[in-house]
Amino acid sequence: MSLGTTMKSSIGAKVLMAITGILLSLFVVGHMLGNLQVFLGPEKLNHYAETLQGLGPILWVIRFGLLTILLLHIGAAFRVTRMSKAARPVDYHQRKDLATSFAARTMMVSGVLLLLFVVYHILHFTTHTIDMAGVGELHDAEGRHDVYGMVVGGFQHLPTTAIYILAMLVLCVHLSHGVSSLLQTLGVRKESNASTVDKIGPIFASIIFIGNVSMPLAIFIGLIS
Amino acid sequence: MKITLHVWRQKNATSKGGMETYVVDGVSADMSFLEMLDMLNEQLIAEGKEPIAFDHDCREGICGTCSLMINGVAHGPDSGTTTCQLHMRSFQDGDAIHIEPWRSRAFPVIRDLVVDRSAFDRIIQAGGFISINAGGAQDANNLPIPKPDSDAAMDAAACIGCGACVASCPNGSAMLFVAAKIGHLAHLPQGQPERAMRARNMVAQMDAEGFGACSNHYECEAVCPKEIPVKFIAKMNRDFMKASLCSES
């Protein structure tokens, strides 16, 4: 059976979503670890940003790769949703949920919200198209792009901080089902490890939430300035 | 007990159905749910009305013929129990009960609460068997099967093909059924020669019938009258991907 035919099947679509989900989760971890350097001061963070920018063509390869992974993830999600909608043309008058969770039921909603946030996030910190806090283009003493000043300035602004914290809440909900779910889809979950696998998603999501929210919150309450 | 029933009525496969309300009085708590429906049907026949069509056969919880979405739960409120083994003692006097047929594109309603589940038969025909020349039975000890494997195979083989997994799944997915059938034979030596082909063909037939995809809500496991665990779905996914990508045919 060809790879294309396999991926078109219901299980193939799920596996594609799971594998791209792992890669996106790893990106989220890397992104968080990189940004946490904001706690180490302007020197570390601006140096890190300059190193990333200095990658040149490799940076574009990474960006293109990430975009491809994201599009595959979204494509698989739409396929699975379409199959599921078509599978029940007449709905029940009454159907009770016994086992599922809020996160599992709202994966499409949280996914679409996250997509909107990613677009906003890029327009905010990468292209500077949106600058609600009025921080503008900053450069540090060494003439580098002042990412530290931009981040600190941005999160001293209440609406910006609120948007980021809410978005991280949505990410937390999405990951809490997604990460446990992908382990089941990829066949890792067994009777012996089921309760552990079911906890991995919520624990992973909580770590990402705490790590990512700590930055705007610390800046907003003035721990970092 | 006096019970108010809201039941889906539909004349045939093409007609538009709707919910209708009936009151049954004098229901005993010792009656099974289906006996309560029998009582209602006798009442309807006496009134010169059309009785409610519903599926049932053994009424012992082993054939998989009975169905019914009862108050939004496949096979009703008792876990690990088929509708035929559900008793009216699980309800209170004065309760209102909603009864609907399984809802799935692959299970079209034939009449009232009866749906056509032949999609499951076609999935079985696609690979849920082993091709052997039946002859004299060989000595049982010639074919050693480890106890954990035979237990797992028996757990999967407990599936009676009722379709509650499909009915309760928010996605209308049949993966628990197909996974149980694939898992049953995958745990036994007799199932090995056709293992890859079976996984590929049964999944392809499942998709062709128009069942939805699994997104791990685990509603199927919660309503399965035989309590088949979703670990079989994880195992099926492994078998399917391996069969699709690694086998030569």
# chains A, B, ... in the order shown; residues from 1 in each chain; ligands from 1
$ interface_residues --of "chain B" --to "chain A" --cutoff "7 Å" --atoms "only C-alpha atoms" --output "list in words"
Asn71, Gly72, Val73, Arg103, Ser104, Arg105, Asn171, Gly172, Asp207, Gly210, Phe211, Gly212, Ala213, Asn216, His217, Tyr218, Glu219, Ala222, Lys231, Ala234, Lys235, Asn237, Arg238, Ser244 and Leu245 of chain B
$ select_by_dssp --residues "range 7-241 of chain B" --states "strand (DSSP E or B)" --output "number ranges by chain"
B: 7-9, 18-24, 32, 69-70, 73-74, 87, 96-100, 104, 107, 109-111, 114-115, 173, 212
$ write_last_selection --atoms "N, CA and C atoms" --output "PDB file, in the first residue's frame"
ATOM      1  N   VAL B   7     -40.507   8.162  21.902  1.00  0.00           N
ATOM      2  CA  VAL B   7     -39.913   7.146  21.022  1.00  0.00           C
ATOM      3  C   VAL B   7     -39.824   7.663  19.587  1.00  0.00           C
ATOM      4  N   TRP B   8     -38.703   7.342  18.924  1.00  0.00           N
ATOM      5  CA  TRP B   8     -38.554   7.700  17.510  1.00  0.00           C
ATOM      6  C   TRP B   8     -39.424   6.768  16.670  1.00  0.00           C
ATOM      7  N   ARG B   9     -40.339   7.342  15.904  1.00  0.00           N
ATOM      8  CA  ARG B   9     -41.178   6.556  14.986  1.00  0.00           C
ATOM      9  C   ARG B   9     -40.847   6.957  13.555  1.00  0.00           C
ATOM     10  N   GLY B  18     -40.147  11.028  13.444  1.00  0.00           N
ATOM     11  CA  GLY B  18     -40.254  12.031  14.495  1.00  0.00           C
ATOM     12  C   GLY B  18     -40.459  11.358  15.840  1.00  0.00           C
ATOM     13  N   MET B  19     -40.315  12.138  16.910  1.00  0.00           N
ATOM     14  CA  MET B  19     -40.498  11.596  18.251  1.00  0.00           C
ATOM     15  C   MET B  19     -41.992  11.584  18.596  1.00  0.00           C
ATOM     16  N   GLU B  20     -42.465  10.478  19.202  1.00  0.00           N
ATOM     17  CA  GLU B  20     -43.850  10.428  19.662  1.00  0.00           C
ATOM     18  C   GLU B  20     -43.873  10.025  21.128  1.00  0.00           C
ATOM     19  N   THR B  21     -44.892  10.458  21.823  1.00  0.00           N
ATOM     20  CA  THR B  21     -44.947  10.232  23.261  1.00  0.00           C
ATOM     21  C   THR B  21     -46.012   9.195  23.616  1.00  0.00           C
ATOM     22  N   TYR B  22     -45.668   8.266  24.496  1.00  0.00           N
ATOM     23  CA  TYR B  22     -46.585   7.231  24.967  1.00  0.00           C
ATOM     24  C   TYR B  22     -46.477   7.139  26.489  1.00  0.00           C
ATOM     25  N   VAL B  23     -47.581   6.723  27.134  1.00  0.00           N
ATOM     26  CA  VAL B  23     -47.521   6.507  28.580  1.00  0.00           C
ATOM     27  C   VAL B  23     -47.823   5.031  28.838  1.00  0.00           C
ATOM     28  N   VAL B  24     -46.944   4.373  29.598  1.00  0.00           N
ATOM     29  CA  VAL B  24     -47.178   2.972  29.962  1.00  0.00           C
ATOM     30  C   VAL B  24     -47.395   2.923  31.469  1.00  0.00           C
ATOM     31  N   SER B  32     -37.871  -6.545  32.155  1.00  0.00           N
ATOM     32  CA  SER B  32     -36.719  -6.037  31.398  1.00  0.00           C
ATOM     33  C   SER B  32     -37.226  -4.852  30.576  1.00  0.00           C
ATOM     34  N   MET B  69     -30.813   3.721  21.856  1.00  0.00           N
ATOM     35  CA  MET B  69     -30.194   4.841  22.564  1.00  0.00           C
ATOM     36  C   MET B  69     -31.216   5.231  23.631  1.00  0.00           C
ATOM     37  N   ILE B  70     -30.912   4.965  24.890  1.00  0.00           N
ATOM     38  CA  ILE B  70     -31.867   5.201  25.967  1.00  0.00           C
ATOM     39  C   ILE B  70     -31.409   6.402  26.800  1.00  0.00           C
ATOM     40  N   VAL B  73     -27.864   7.385  26.044  1.00  0.00           N
ATOM     41  CA  VAL B  73     -26.762   6.449  26.278  1.00  0.00           C
ATOM     42  C   VAL B  73     -27.075   5.129  25.565  1.00  0.00           C
ATOM     43  N   ALA B  74     -26.102   4.637  24.798  1.00  0.00           N
ATOM     44  CA  ALA B  74     -26.309   3.373  24.085  1.00  0.00           C
ATOM     45  C   ALA B  74     -26.495   2.240  25.089  1.00  0.00           C
ATOM     46  N   HIS B  87     -33.018  -3.667  33.293  1.00  0.00           N
ATOM     47  CA  HIS B  87     -34.324  -3.869  33.917  1.00  0.00           C
ATOM     48  C   HIS B  87     -34.934  -2.566  34.391  1.00  0.00           C
ATOM     49  N   ALA B  96     -39.442   9.947  32.611  1.00  0.00           N
ATOM     50  CA  ALA B  96     -39.623  10.079  31.159  1.00  0.00           C
ATOM     51  C   ALA B  96     -38.375   9.500  30.504  1.00  0.00           C
ATOM     52  N   ILE B  97     -38.577   8.616  29.524  1.00  0.00           N
ATOM     53  CA  ILE B  97     -37.421   7.961  28.874  1.00  0.00           C
ATOM     54  C   ILE B  97     -37.446   8.258  27.375  1.00  0.00           C
ATOM     55  N   HIS B  98     -36.300   8.727  26.866  1.00  0.00           N
ATOM     56  CA  HIS B  98     -36.166   8.974  25.429  1.00  0.00           C
ATOM     57  C   HIS B  98     -35.527   7.754  24.774  1.00  0.00           C
ATOM     58  N   ILE B  99     -36.158   7.258  23.718  1.00  0.00           N
ATOM     59  CA  ILE B  99     -35.596   6.095  23.012  1.00  0.00           C
ATOM     60  C   ILE B  99     -35.396   6.461  21.543  1.00  0.00           C
ATOM     61  N   GLU B 100     -34.160   6.312  21.093  1.00  0.00           N
ATOM     62  CA  GLU B 100     -33.847   6.622  19.694  1.00  0.00           C
ATOM     63  C   GLU B 100     -33.059   5.472  19.079  1.00  0.00           C
ATOM     64  N   SER B 104     -26.138   6.678  12.536  1.00  0.00           N
ATOM     65  CA  SER B 104     -24.893   6.617  11.782  1.00  0.00           C
ATOM     66  C   SER B 104     -25.260   6.523  10.310  1.00  0.00           C
ATOM     67  N   PHE B 107     -25.439   3.064   9.310  1.00  0.00           N
ATOM     68  CA  PHE B 107     -26.546   2.275   9.904  1.00  0.00           C
ATOM     69  C   PHE B 107     -27.884   2.955   9.587  1.00  0.00           C
ATOM     70  N   VAL B 109     -31.723   3.848   9.191  1.00  0.00           N
ATOM     71  CA  VAL B 109     -32.924   3.385   9.885  1.00  0.00           C
ATOM     72  C   VAL B 109     -33.824   2.665   8.870  1.00  0.00           C
ATOM     73  N   ILE B 110     -34.277   1.474   9.242  1.00  0.00           N
ATOM     74  CA  ILE B 110     -35.174   0.714   8.361  1.00  0.00           C
ATOM     75  C   ILE B 110     -36.620   1.034   8.745  1.00  0.00           C
ATOM     76  N   ARG B 111     -36.851   1.028  10.064  1.00  0.00           N
ATOM     77  CA  ARG B 111     -38.177   1.338  10.563  1.00  0.00           C
ATOM     78  C   ARG B 111     -38.072   1.604  12.062  1.00  0.00           C
ATOM     79  N   VAL B 114     -35.294   0.239  14.400  1.00  0.00           N
ATOM     80  CA  VAL B 114     -34.491  -0.800  13.737  1.00  0.00           C
ATOM     81  C   VAL B 114     -33.565  -0.169  12.710  1.00  0.00           C
ATOM     82  N   VAL B 115     -32.262  -0.466  12.821  1.00  0.00           N
ATOM     83  CA  VAL B 115     -31.312   0.031  11.827  1.00  0.00           C
ATOM     84  C   VAL B 115     -30.644  -1.138  11.119  1.00  0.00           C
ATOM     85  N   SER B 173     -17.621   6.717  14.770  1.00  0.00           N
ATOM     86  CA  SER B 173     -16.537   5.844  14.329  1.00  0.00           C
ATOM     87  C   SER B 173     -16.792   4.398  14.761  1.00  0.00           C
ATOM     88  N   GLY B 212     -16.986   7.298  10.864  1.00  0.00           N
ATOM     89  CA  GLY B 212     -16.117   8.441  11.148  1.00  0.00           C
ATOM     90  C   GLY B 212     -14.746   8.011  11.641  1.00  0.00           C
TER      91      GLY B 212
END
$ residues_around --residues "Ser247 in chain B" --least-positions-apart "2" --cutoff "12 Å" --atoms "only C-alpha atoms" --output "PyMOL selection string"
(chain A and resi 1-2) or (chain B and resi 193-197+199-200+239-245+249)
$ atom_distance --atom1 "CA of His157 in chain A" --atom2 "CA of Gly134 in chain A"
9.1 Å
$ residues_around --residues "Leu45 in chain A" --least-positions-apart "3" --cutoff "9 Å" --atoms "only C-alpha atoms" --output "VMD selection string"
chain A and resid 34 to 42 48 to 50 146 to 148
$ residues_around --residues "Val29 in chain A" --least-positions-apart "6" --cutoff "12 Å" --atoms "only C-alpha atoms" --output "short mmCIF file (atom, residue, chain, number, x, y, z; two decimals) with N, CA, C and O atoms, in the first residue's frame"
data_model
loop_
_atom_site.label_atom_id
_atom_site.label_comp_id
_atom_site.auth_asym_id
_atom_site.auth_seq_id
_atom_site.Cartn_x
_atom_site.Cartn_y
_atom_site.Cartn_z
N ILE A 22 3.40 15.85 17.43
CA ILE A 22 4.65 15.69 18.21
C ILE A 22 5.65 16.78 17.83
O ILE A 22 6.24 17.44 18.68
N LEU A 23 5.80 16.97 16.51
CA LEU A 23 6.78 17.96 16.04
C LEU A 23 6.40 19.37 16.50
O LEU A 23 7.25 20.13 16.94
N ASN A 35 12.72 31.43 24.97
CA ASN A 35 12.17 32.69 25.48
C ASN A 35 12.38 32.86 26.98
O ASN A 35 12.44 33.98 27.47
N LEU A 36 12.47 31.73 27.70
CA LEU A 36 12.65 31.83 29.16
C LEU A 36 13.95 32.56 29.50
O LEU A 36 14.15 32.98 30.65
N LEU A 175 -3.34 21.05 24.13
CA LEU A 175 -2.28 20.08 24.38
C LEU A 175 -2.71 19.00 25.37
O LEU A 175 -2.26 17.86 25.29
N PHE A 204 2.06 17.81 30.64
CA PHE A 204 2.84 18.53 29.62
C PHE A 204 2.23 19.91 29.36
O PHE A 204 2.92 20.93 29.34
N ALA A 205 0.89 19.93 29.20
CA ALA A 205 0.19 21.19 28.91
C ALA A 205 0.37 22.18 30.05
O ALA A 205 0.55 23.38 29.82
N SER A 206 0.35 21.69 31.29
CA SER A 206 0.48 22.59 32.45
C SER A 206 1.88 23.19 32.51
O SER A 206 2.04 24.38 32.81
N ILE A 207 2.90 22.36 32.19
CA ILE A 207 4.29 22.87 32.22
C ILE A 207 4.44 23.99 31.17
O ILE A 207 4.99 25.06 31.45
N ILE A 208 3.90 23.73 29.97
CA ILE A 208 3.99 24.74 28.90
C ILE A 208 3.25 26.02 29.33
O ILE A 208 3.73 27.13 29.13
N PHE A 209 2.08 25.82 29.95
CA PHE A 209 1.28 26.98 30.37
C PHE A 209 2.04 27.81 31.40
O PHE A 209 2.19 29.02 31.25
N ILE A 210 2.56 27.13 32.43
CA ILE A 210 3.26 27.86 33.50
C ILE A 210 4.50 28.57 32.94
O ILE A 210 4.72 29.76 33.20
N GLY A 211 5.27 27.84 32.13
CA GLY A 211 6.49 28.42 31.56
C GLY A 211 6.19 29.63 30.70
O GLY A 211 6.82 30.69 30.84
N ASN A 212 5.22 29.51 29.81
CA ASN A 212 4.93 30.61 28.89
C ASN A 212 4.25 31.79 29.55
O ASN A 212 4.47 32.93 29.17
#
$ residues_around --residues "range 50-66 of chain B" --least-positions-apart "4" --cutoff "10 Å" --atoms "only C-alpha atoms" --output "PyMOL selection string"
chain B and resi 7-11+32+34-35+37-38+40-46+75+80-86+101+110-115+117+158-164+225-226
$ residues_around --residues "Phe220 in chain A" --least-positions-apart "4" --cutoff "7 Å" --atoms "only C-alpha atoms" --output "count of residues only"
3
$ select_by_dssp --residues "range 15-245 of chain B" --states "alpha helix (DSSP H)" --output "PyMOL selection string"
chain B and resi 33-46+118-125+147-157+164-168+175-186+195-208+219-223+231-245
$ closest_residue --among "A:Ala167, A:Met132, A:Val28, A:Val197" --to "Phe117 in chain A" --atoms "only C-alpha atoms"
A:Ala167
$ closest_residue --among "B:Asp25, B:Val166, B:Ser118, B:Leu176" --to "Ile228 in chain B" --atoms "only C-alpha atoms"
B:Leu176
$ closest_residue --among "B:Ser79, B:Lys181, B:Lys16, B:Asn201" --to "Ile233 in chain B" --atoms "only C-alpha atoms"
B:Lys181
